[in-house]
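For reference, query_1.txt (compact mmCIF, C-alpha atoms):
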```txt
# COMPACT_ATOMS: atom_id res chain seq x y z
CA MET A 1 52.08 -18.13 67.29
CA LYS A 2 50.46 -17.18 64.01
CA ARG A 3 47.22 -15.37 64.62
CA LYS A 4 44.26 -16.77 62.79
CA GLU A 5 43.17 -14.37 60.08
CA ALA A 6 39.64 -13.14 60.69
CA THR A 7 37.17 -13.64 57.90
CA SER A 8 34.59 -10.96 57.51
CA SER A 9 31.55 -11.05 55.29
CA LEU A 10 31.06 -8.80 52.30
CA PRO A 11 27.94 -6.63 52.22
CA ASP A 12 25.83 -7.47 49.20
CA VAL A 13 25.87 -4.05 47.53
CA GLY A 14 26.38 -3.16 43.90
CA ILE A 15 29.92 -2.69 42.62
CA SER A 16 28.79 0.46 40.85
CA GLN A 17 27.65 1.82 44.22
CA VAL A 18 31.06 1.20 45.79
CA LEU A 19 32.83 2.76 42.80
CA GLY A 20 30.38 5.69 42.92
CA LEU A 21 31.16 6.22 46.59
CA VAL A 22 34.90 6.52 46.02
CA SER A 23 34.39 8.85 43.03
CA HIS A 24 32.14 11.04 45.10
CA LEU A 25 34.56 11.04 47.98
CA SER A 26 37.37 12.01 45.64
CA SER A 27 35.30 14.91 44.25
CA VAL A 28 34.73 16.33 47.74
CA GLY A 29 38.38 16.22 48.75
CA GLY A 30 38.77 12.62 49.90
CA LYS A 31 37.15 12.88 53.30
CA GLU A 32 33.64 13.36 54.64
CA ASP A 33 31.58 13.00 57.75
CA ILE A 34 29.45 9.84 57.29
CA TYR A 35 26.25 11.43 58.47
CA ARG A 36 26.75 14.41 56.18
CA LEU A 37 27.63 12.16 53.25
CA ALA A 38 24.33 10.28 53.60
CA GLY A 39 22.53 13.63 53.71
CA GLU A 40 24.12 15.18 50.66
CA LEU A 41 23.53 12.02 48.64
CA SER A 42 19.95 11.75 50.00
CA MET A 43 20.74 8.19 51.03
CA GLU A 44 19.34 6.26 53.91
CA LEU A 45 22.02 6.00 56.62
CA GLY A 46 21.86 2.19 56.86
CA GLU A 47 22.31 1.83 53.12
CA THR A 48 25.20 4.32 53.16
CA LEU A 49 26.91 2.35 55.92
CA LYS A 50 26.57 -0.89 53.92
CA VAL A 51 28.28 0.65 50.91
CA ILE A 52 30.99 2.16 53.12
CA ARG A 53 31.58 -1.20 54.76
CA ALA A 54 31.97 -2.89 51.37
CA ALA A 55 34.43 -0.16 50.31
CA GLU A 56 36.28 -0.65 53.58
CA THR A 57 36.52 -4.43 53.12
CA LEU A 58 38.16 -3.72 49.77
CA LYS A 59 40.51 -1.24 51.47
CA LEU A 60 39.28 1.59 49.28
CA VAL A 61 38.33 3.70 52.29
CA ASN A 62 38.95 3.89 56.00
CA THR A 63 36.52 5.01 58.70
CA PRO A 64 38.26 6.82 61.52
CA GLY A 65 35.68 8.14 64.00
CA GLY A 66 32.51 9.23 62.26
CA GLU A 67 34.31 9.96 59.04
CA VAL A 68 34.92 8.12 55.82
CA GLU A 69 38.34 8.76 54.34
CA MET A 70 39.88 7.72 51.06
CA GLU A 71 42.75 5.22 51.20
CA PRO A 72 45.61 5.57 48.69
CA PHE A 73 44.29 2.41 47.01
CA GLY A 74 40.88 4.08 46.63
CA ALA A 75 42.47 7.11 44.97
CA LYS A 76 44.31 4.79 42.59
CA VAL A 77 41.05 3.06 41.67
CA VAL A 78 39.33 6.40 41.00
CA ASP A 79 42.12 7.53 38.68
CA ALA A 80 42.34 4.23 36.83
CA SER A 81 40.75 3.49 33.45
CA ILE A 82 37.73 1.17 33.31
CA HIS A 83 40.03 -1.70 32.42
CA GLU A 84 42.79 -0.98 34.97
CA ARG A 85 40.17 -0.62 37.68
CA LYS A 86 39.11 -4.22 37.18
CA GLU A 87 42.73 -5.36 37.42
CA LEU A 88 43.24 -3.45 40.65
CA ILE A 89 40.15 -5.04 42.17
CA PHE A 90 41.34 -8.44 40.92
CA GLU A 91 44.58 -8.03 42.89
CA GLN A 92 42.72 -6.77 45.92
CA LEU A 93 40.14 -9.55 46.07
CA GLN A 94 42.91 -12.10 46.34
CA GLN A 95 44.02 -10.44 49.58
CA ILE A 96 40.58 -10.72 51.18
CA PRO A 97 40.27 -13.82 53.40
CA LEU A 98 36.80 -14.79 52.16
CA PHE A 99 37.91 -14.74 48.52
CA LYS A 100 41.20 -16.43 49.34
CA LYS A 101 39.37 -19.30 50.99
CA ILE A 102 36.92 -19.71 48.13
CA ARG A 103 39.79 -19.68 45.68
CA GLU A 104 41.70 -22.33 47.63
CA PHE A 105 38.55 -24.40 47.73
CA LEU A 106 38.17 -24.16 43.92
CA ASP A 107 41.83 -24.98 43.38
CA GLU A 108 41.24 -28.33 45.02
CA GLU A 109 38.26 -29.17 42.85
CA ASP A 110 38.47 -30.93 39.49
CA GLY A 111 38.52 -28.40 36.68
CA HIS A 112 38.55 -25.60 39.25
CA GLU A 113 34.78 -25.64 39.41
CA ALA A 114 32.06 -26.54 41.89
CA SER A 115 28.30 -26.59 42.09
CA LYS A 116 26.50 -23.67 43.70
CA GLU A 117 25.37 -26.08 46.41
CA MET A 118 28.96 -26.92 47.32
CA VAL A 119 29.98 -23.28 47.38
CA LEU A 120 27.05 -22.44 49.65
CA GLU A 121 28.19 -25.13 52.05
CA LYS A 122 31.70 -23.81 51.96
CA ILE A 123 30.46 -20.28 52.69
CA ALA A 124 28.34 -21.55 55.60
CA ASP A 125 31.48 -23.21 56.89
CA ILE A 126 33.60 -20.02 56.62
CA LEU A 127 30.87 -17.62 57.80
CA PRO A 128 28.45 -19.61 59.95
CA ASN A 129 26.53 -16.52 61.08
CA GLU A 130 25.86 -15.05 57.63
CA ASP A 131 23.18 -15.67 55.03
CA ALA A 132 25.11 -17.90 52.60
CA GLU A 133 22.90 -16.99 49.62
CA HIS A 134 23.66 -13.29 50.10
CA GLN A 135 27.35 -13.94 50.45
CA PHE A 136 27.24 -16.11 47.35
CA GLY A 137 25.61 -13.23 45.45
CA ALA A 138 28.32 -10.82 46.57
CA ILE A 139 31.12 -13.28 45.74
CA VAL A 140 29.68 -13.90 42.28
CA SER A 141 29.29 -10.21 41.43
CA TRP A 142 32.72 -9.14 42.66
CA GLY A 143 34.27 -12.29 41.23
CA ARG A 144 32.75 -11.63 37.83
CA TYR A 145 33.71 -7.97 37.88
CA ALA A 146 37.34 -8.79 38.68
CA GLU A 147 37.29 -11.77 36.30
CA LEU A 148 38.42 -13.95 39.19
CA PHE A 149 35.37 -16.20 39.39
CA GLY A 150 32.67 -17.07 36.90
CA TYR A 151 29.23 -18.48 37.42
CA ASN A 152 26.72 -20.09 35.10
CA ASP A 153 23.23 -19.85 36.52
CA ASP A 154 21.77 -22.38 34.02
CA SER A 155 24.02 -25.18 35.23
CA GLU A 156 24.58 -23.60 38.66
CA THR A 157 28.32 -23.99 38.18
CA PHE A 158 30.79 -21.74 39.93
CA TYR A 159 34.32 -21.70 38.54
CA LEU A 160 37.71 -20.07 38.51
CA ASP A 161 37.89 -17.59 35.61
CA GLN A 162 41.16 -18.40 33.89
CA MET B 1 41.82 27.75 8.41
CA THR B 2 40.60 24.89 10.58
CA PRO B 3 37.71 23.01 9.04
CA GLN B 4 34.33 23.42 10.70
CA PRO B 5 33.19 20.26 12.48
CA GLU B 6 30.46 18.49 10.56
CA ILE B 7 26.89 18.97 11.71
CA ILE B 8 25.67 15.47 12.51
CA ILE B 9 22.07 16.20 13.29
CA ASP B 10 20.07 19.28 12.47
CA VAL B 11 16.57 19.64 13.89
CA GLU B 12 14.90 22.34 11.78
CA ASN B 13 11.79 24.10 13.11
CA VAL B 14 10.32 20.85 14.31
CA SER B 15 6.93 20.64 15.99
CA LYS B 16 5.07 17.61 17.24
CA LYS B 17 1.35 17.37 17.88
CA PHE B 18 -0.52 14.39 19.26
CA LEU B 19 -4.20 13.72 18.83
CA LEU B 20 -5.75 12.99 22.21
CA PRO B 21 -9.44 12.43 23.12
CA GLN B 22 -9.67 16.05 24.33
CA GLY B 23 -8.28 17.31 21.03
CA GLU B 24 -4.94 18.12 19.47
CA VAL B 25 -2.07 18.77 21.86
CA THR B 26 1.20 20.40 20.87
CA ILE B 27 4.06 18.62 22.63
CA LEU B 28 6.98 20.36 20.97
CA GLU B 29 6.95 23.67 19.16
CA ASP B 30 9.45 25.11 16.72
CA ILE B 31 12.48 23.21 17.96
CA GLN B 32 15.82 24.12 16.45
CA LEU B 33 18.80 22.16 17.52
CA GLN B 34 22.10 21.12 16.01
CA ALA B 35 24.76 18.71 17.19
CA GLN B 36 28.23 18.95 15.73
CA GLU B 37 30.57 16.03 15.44
CA GLY B 38 32.22 15.36 18.80
CA GLU B 39 29.73 17.36 20.80
CA PHE B 40 28.12 16.15 24.01
CA ILE B 41 24.71 17.78 24.15
CA VAL B 42 22.37 17.50 27.11
CA ILE B 43 18.74 18.43 26.76
CA VAL B 44 17.31 19.32 30.15
CA GLY B 45 13.67 19.93 30.91
CA PRO B 46 10.89 19.03 33.32
CA SER B 47 8.89 15.85 32.81
CA GLY B 48 6.26 16.30 30.16
CA ALA B 49 8.40 18.75 28.19
CA GLY B 50 8.66 16.31 25.30
CA LYS B 51 12.35 15.44 25.76
CA SER B 52 11.91 11.76 24.97
CA THR B 53 9.72 12.57 21.97
CA LEU B 54 12.44 14.86 20.64
CA LEU B 55 15.02 12.09 21.06
CA ARG B 56 12.74 9.61 19.30
CA MET B 57 12.35 12.00 16.38
CA MET B 58 16.14 12.15 16.10
CA ASN B 59 16.34 8.40 15.54
CA GLY B 60 13.26 8.29 13.34
CA LEU B 61 10.98 6.40 15.72
CA VAL B 62 8.57 9.36 15.84
CA ILE B 63 7.77 11.55 12.83
CA PRO B 64 7.60 15.36 13.24
CA SER B 65 4.27 17.08 12.57
CA ALA B 66 6.11 20.03 11.05
CA GLY B 67 9.71 20.89 10.21
CA ARG B 68 12.41 18.40 9.30
CA ILE B 69 15.42 16.59 10.63
CA LEU B 70 18.63 16.42 8.66
CA PHE B 71 21.27 13.82 9.36
CA ARG B 72 24.66 14.80 7.93
CA GLY B 73 22.86 17.29 5.74
CA LYS B 74 20.28 14.88 4.35
CA PRO B 75 16.61 14.68 5.35
CA THR B 76 15.93 11.52 7.36
CA ARG B 77 13.31 8.93 6.53
CA GLY B 78 12.39 6.01 8.79
CA ILE B 79 14.59 4.58 11.51
CA ASN B 80 18.09 6.02 11.38
CA MET B 81 20.52 3.10 11.49
CA GLU B 82 23.42 5.44 12.29
CA THR B 83 21.98 6.18 15.71
CA ALA B 84 21.65 3.98 18.77
CA MET B 85 19.61 4.57 21.89
CA VAL B 86 20.20 3.89 25.57
CA PHE B 87 16.96 3.64 27.56
CA GLN B 88 16.05 4.63 31.09
CA ASN B 89 14.82 1.14 31.93
CA PHE B 90 17.70 -0.60 30.16
CA GLY B 91 15.52 -2.40 27.59
CA LEU B 92 17.14 -5.79 28.17
CA LEU B 93 15.53 -9.12 27.38
CA PRO B 94 15.45 -11.10 30.64
CA TRP B 95 15.77 -14.53 29.01
CA LEU B 96 18.98 -13.60 27.18
CA THR B 97 22.47 -13.43 28.68
CA VAL B 98 24.57 -10.27 28.66
CA LEU B 99 26.40 -11.44 25.53
CA GLN B 100 23.14 -12.32 23.75
CA ASN B 101 21.55 -9.00 24.70
CA VAL B 102 24.48 -7.11 23.19
CA GLU B 103 24.48 -9.30 20.09
CA LEU B 104 20.78 -8.71 19.61
CA GLY B 105 21.38 -5.07 18.68
CA LEU B 106 23.64 -6.26 15.85
CA GLU B 107 21.30 -8.79 14.29
CA ASN B 108 20.18 -6.51 11.48
CA ARG B 109 23.61 -4.98 10.95
CA VAL B 110 26.23 -7.71 11.10
CA LYS B 111 25.35 -10.88 9.22
CA GLU B 112 28.06 -13.35 10.23
CA LEU B 113 27.59 -14.80 13.67
CA ASP B 114 31.35 -14.87 14.38
CA ARG B 115 31.78 -11.21 13.59
CA ARG B 116 28.70 -10.34 15.60
CA ARG B 117 30.10 -12.17 18.61
CA GLU B 118 33.51 -10.53 18.21
CA ARG B 119 31.96 -7.08 17.98
CA ALA B 120 29.72 -7.67 21.02
CA GLN B 121 32.70 -8.93 22.99
CA LYS B 122 34.71 -5.83 22.11
CA TYR B 123 32.09 -3.45 23.50
CA ILE B 124 31.36 -5.61 26.52
CA GLY B 125 35.04 -5.05 27.27
CA LYS B 126 34.84 -1.29 26.66
CA VAL B 127 32.17 -0.81 29.31
CA GLY B 128 33.98 -3.05 31.82
CA LEU B 129 31.65 -6.04 31.57
CA ASP B 130 34.23 -8.71 30.75
CA GLY B 131 33.42 -11.64 32.98
CA TYR B 132 29.65 -11.06 32.84
CA GLU B 133 29.03 -12.57 29.38
CA GLU B 134 26.90 -15.48 30.59
CA ALA B 135 25.06 -13.58 33.35
CA TYR B 136 21.34 -12.90 33.01
CA PRO B 137 19.91 -9.43 33.65
CA ARG B 138 18.23 -10.70 36.86
CA GLU B 139 21.68 -11.42 38.29
CA LEU B 140 22.86 -7.85 37.74
CA SER B 141 22.55 -4.64 39.74
CA GLY B 142 21.04 -1.60 38.03
CA GLY B 143 24.46 -0.14 37.31
CA MET B 144 25.59 -3.31 35.57
CA LYS B 145 22.31 -3.57 33.63
CA GLN B 146 22.81 -0.08 32.25
CA ARG B 147 26.36 -1.00 31.23
CA VAL B 148 24.79 -3.75 29.13
CA GLY B 149 22.43 -1.16 27.61
CA LEU B 150 25.42 1.03 26.83
CA ALA B 151 27.47 -1.84 25.36
CA ARG B 152 24.55 -2.80 23.14
CA ALA B 153 24.25 0.77 21.83
CA LEU B 154 28.02 1.22 21.33
CA ALA B 155 28.35 -2.13 19.55
CA VAL B 156 26.27 -0.69 16.73
CA GLU B 157 29.13 1.81 16.29
CA PRO B 158 26.64 4.63 15.81
CA THR B 159 27.53 8.08 14.52
CA LEU B 160 25.16 9.52 17.09
CA LEU B 161 24.44 8.07 20.53
CA LEU B 162 21.05 8.99 21.98
CA MET B 163 20.49 8.55 25.70
CA ASP B 164 17.06 8.82 27.29
CA GLU B 165 17.44 9.54 31.03
CA PRO B 166 20.03 6.75 31.25
CA PHE B 167 20.80 7.27 34.94
CA SER B 168 17.30 7.95 36.27
CA SER B 169 16.55 4.35 37.27
CA LEU B 170 19.81 4.00 39.17
CA ASP B 171 20.58 4.70 42.79
CA VAL B 172 22.60 7.87 43.39
CA LEU B 173 26.03 6.20 43.80
CA SER B 174 25.69 3.95 40.76
CA SER B 175 24.68 6.94 38.68
CA ILE B 176 27.80 8.85 39.83
CA ASN B 177 29.91 5.88 38.77
CA LEU B 178 28.21 5.45 35.40
CA ARG B 179 28.37 9.15 34.53
CA ASN B 180 32.13 9.08 35.11
CA GLU B 181 32.58 5.95 33.05
CA LEU B 182 30.42 7.35 30.25
CA LEU B 183 32.72 10.40 30.07
CA ASP B 184 35.76 8.09 30.02
CA ILE B 185 34.31 6.15 27.12
CA TRP B 186 33.20 9.28 25.24
CA SER B 187 36.60 10.97 25.59
CA ASP B 188 38.47 7.84 24.48
CA ARG B 189 39.98 8.73 21.13
CA ASP B 190 39.68 5.24 19.67
CA ASN B 191 36.01 5.36 20.23
CA VAL B 192 33.77 5.36 17.22
CA VAL B 193 30.95 7.34 18.71
CA ASN B 194 31.85 10.83 19.78
CA THR B 195 28.59 12.68 19.32
CA VAL B 196 26.06 12.26 22.12
CA VAL B 197 22.63 13.71 22.81
CA LEU B 198 21.37 12.90 26.30
CA VAL B 199 18.14 13.97 27.95
CA THR B 200 17.68 14.42 31.66
CA HIS B 201 15.55 16.33 34.16
CA ILE B 202 18.49 16.72 36.56
CA ILE B 203 20.29 20.05 36.17
CA GLU B 204 23.50 18.97 37.94
CA GLU B 205 23.76 16.02 35.58
CA ALA B 206 23.53 18.36 32.60
CA VAL B 207 26.24 20.69 33.95
CA GLU B 208 28.48 17.75 34.79
CA LEU B 209 28.30 16.12 31.37
CA ALA B 210 27.51 18.64 28.65
CA ASP B 211 29.54 20.67 26.22
CA ARG B 212 26.28 22.42 25.56
CA ILE B 213 22.99 22.39 27.46
CA VAL B 214 19.72 22.88 25.62
CA ILE B 215 16.93 23.91 27.96
CA LEU B 216 13.44 22.81 27.10
CA GLY B 217 10.50 24.65 28.62
CA SER B 218 7.23 22.78 28.95
CA ARG B 219 3.69 22.74 27.52
CA PRO B 220 4.40 23.06 24.74
CA GLY B 221 8.11 22.23 24.78
CA ARG B 222 10.09 25.13 23.39
CA ILE B 223 13.77 25.87 23.54
CA ALA B 224 14.21 28.19 26.51
CA GLY B 225 17.97 28.51 26.34
CA ASN B 226 21.21 27.19 24.98
CA ILE B 227 24.30 27.30 27.18
CA ARG B 228 27.87 26.30 26.42
CA VAL B 229 29.52 24.89 29.55
CA ASN B 230 33.08 26.18 29.78
CA ILE B 231 34.40 24.16 32.69
CA PRO B 232 37.24 21.70 32.17
CA ARG B 233 36.52 18.05 33.00
CA PRO B 234 36.36 16.40 35.46
CA ARG B 235 33.93 18.92 36.90
CA GLN B 236 33.51 19.31 40.63
CA LYS B 237 30.04 19.85 42.02
CA ARG B 238 31.31 22.16 44.75
CA ASP B 239 33.17 24.40 42.32
CA PRO B 240 31.55 27.90 42.45
CA LEU B 241 31.58 28.04 38.65
CA PHE B 242 29.69 24.73 38.52
CA LEU B 243 27.07 26.21 40.85
CA GLU B 244 26.79 29.33 38.70
CA TYR B 245 25.90 27.20 35.69
CA VAL B 246 23.36 25.24 37.76
CA ASP B 247 21.75 28.54 38.79
CA GLU B 248 21.70 29.82 35.24
CA VAL B 249 20.01 26.67 33.91
CA PHE B 250 17.57 26.72 36.79
CA SER B 251 16.57 30.32 36.14
CA LEU B 252 15.93 29.54 32.47
CA LEU B 253 13.79 26.53 33.41
CA ALA B 254 11.76 28.29 36.06
```

Taking this structure as input, can you express it in the form of structure tokens?
Amino acid sequence: MKRKEATSSLPDVGISQVLGLVSHLSSVGGKEDIYRLAGELSMELGETLKVIRAAETLKLVNTPGGEVEMEPFGAKVVDASIHERKELIFEQLQQIPLFKKIREFLDEEDGHEASKEMVLEKIADILPNEDAEHQFGAIVSWGRYAELFGYNDDSETFYLDQ
Amino acid sequence: MTPQPEIIIDVENVSKKFLLPQGEVTILEDIQLQAQEGEFIVIVGPSGAGKSTLLRMMNGLVIPSAGRILFRGKPTRGINMETAMVFQNFGLLPWLTVLQNVELGLENRVKELDRRRERAQKYIGKVGLDGYEEAYPRELSGGMKQRVGLARALAVEPTLLLMDEPFSSLDVLSSINLRNELLDIWSDRDNVVNTVVLVTHIIEEAVELADRIVILGSRPGRIAGNIRVNIPRPRQKRDPLFLEYVDEVFSLLA
């Protein structure tokens, strides 16, 4: 029997923060104790964990025990140029269940676009226990960064960036 | 014989006084500073040392009380159109999209709308903002907002890029990310701008970025030291040599 793929939410943190985390990790040898990391960056532990979780969702890092450790994909992203980095994230987002589902949803819509309202409903359907507005924010920012999704806030239209 | 790199900006014995209710106050005294083509200069000093004033004199926004500023060997007058500035608080207009904010910087420089759009698009791409063209500043994180500020400055294709505490409003991780990307853009050979003067109050930032660090002491601001940083990039904060430079700058500031 095929196991149902679990969909996890994406913490609503800045992309620059996630990219900063992997750069920092790379500059300290690719591995660090989470508690120590928060200390040396003078970051609040909760905030640090949010960024780490976002990086983990994107498979940039792994968190064995109390440590955060760079994944080979994370190292690749650090070494990439500004442009290549976006392409790598584009590939990666398509592997993440939440983004996959949103993409499938858009593929079924006319013109590969939908109103914000419809997307919020879809998100509530996929992640019933999460704040849909927050998830929408995270999907829009990562989607824009990777040039996978676009969003026009004037018309509240969400679309596939082709 | 290899030709000497051109001196882009030459600050000659510049002082700046402001008239305040309690009398005349000297902000900067006898500043001498040169930036050669291709150099990345970081001016580091405590707040109130007049760093921003010095930067604003380099682009002609503030006029020196004494001394003069030469740009490519010629005395400057008025706003210098060959410079562009990146601000601490981004300086974006909230009712304009990313694309419109970048285009705005070109309004007085590129007449045709098509060419303006093309140019804006090119630099939006350079800073990794493709896909954000129609976003409004309110939809962006601090890191992304400052990328817009950077794209707007680069789009001008300035000879000299001036940066006023560009990472100070960002959270620590976003600033790490943006510093790295700034170095990527600066070291890109196709890039038009290769001479940068950046001001900061963070010593580690200066050691990470600079070819040369100019240390500004305060009240009045005077040059307290000038250090060439001989560490290959990318520089690692835990490298003992890195820490030696941090100590040296710190001792000159204290």

Once you count only C-alpha atoms, which residues of chain B turn out to be within 6 Å of chain A? Could you give them as a PyMOL selection string? chain B and resi 128+131-132+141+143+173-174+176-177+236

Return the single residue from B:Arg212, B:Arg222, B:Arg138, B:Arg77 that is closest to Leu61 (chain B), with distances computed using all atoms listed in the file.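 Using all atoms listed in the file, Leu61 (chain B) sits closest to B:Arg77.
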
Using CA of Ala55 (chain A) and CA of Arg36 (chain A) as the two end points, give the distance in Å to one decimal.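 Those two atoms sit 17.5 Å apart.
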
Smallest atom-to-atom distance to Glu12 (chain B): which of B:Leu70, B:Asn230, B:Ile63, B:Val44, using all atoms listed in the file?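 Of B:Leu70, B:Asn230, B:Ile63, B:Val44, the one nearest Glu12 (chain B) is B:Leu70, counting all atoms listed in the file.
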
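Using all atoms listed in the file, every residue with an atom at most 6 Å from the point (30.2, -26.5, 39.2) is listed here: Glu113, Ala114, Ser115, Thr157 and Phe158 of chain A.
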
CA of Ile213 (chain B) to CA of Ile41 (chain B), straight-line distance in Å: 5.9 Å
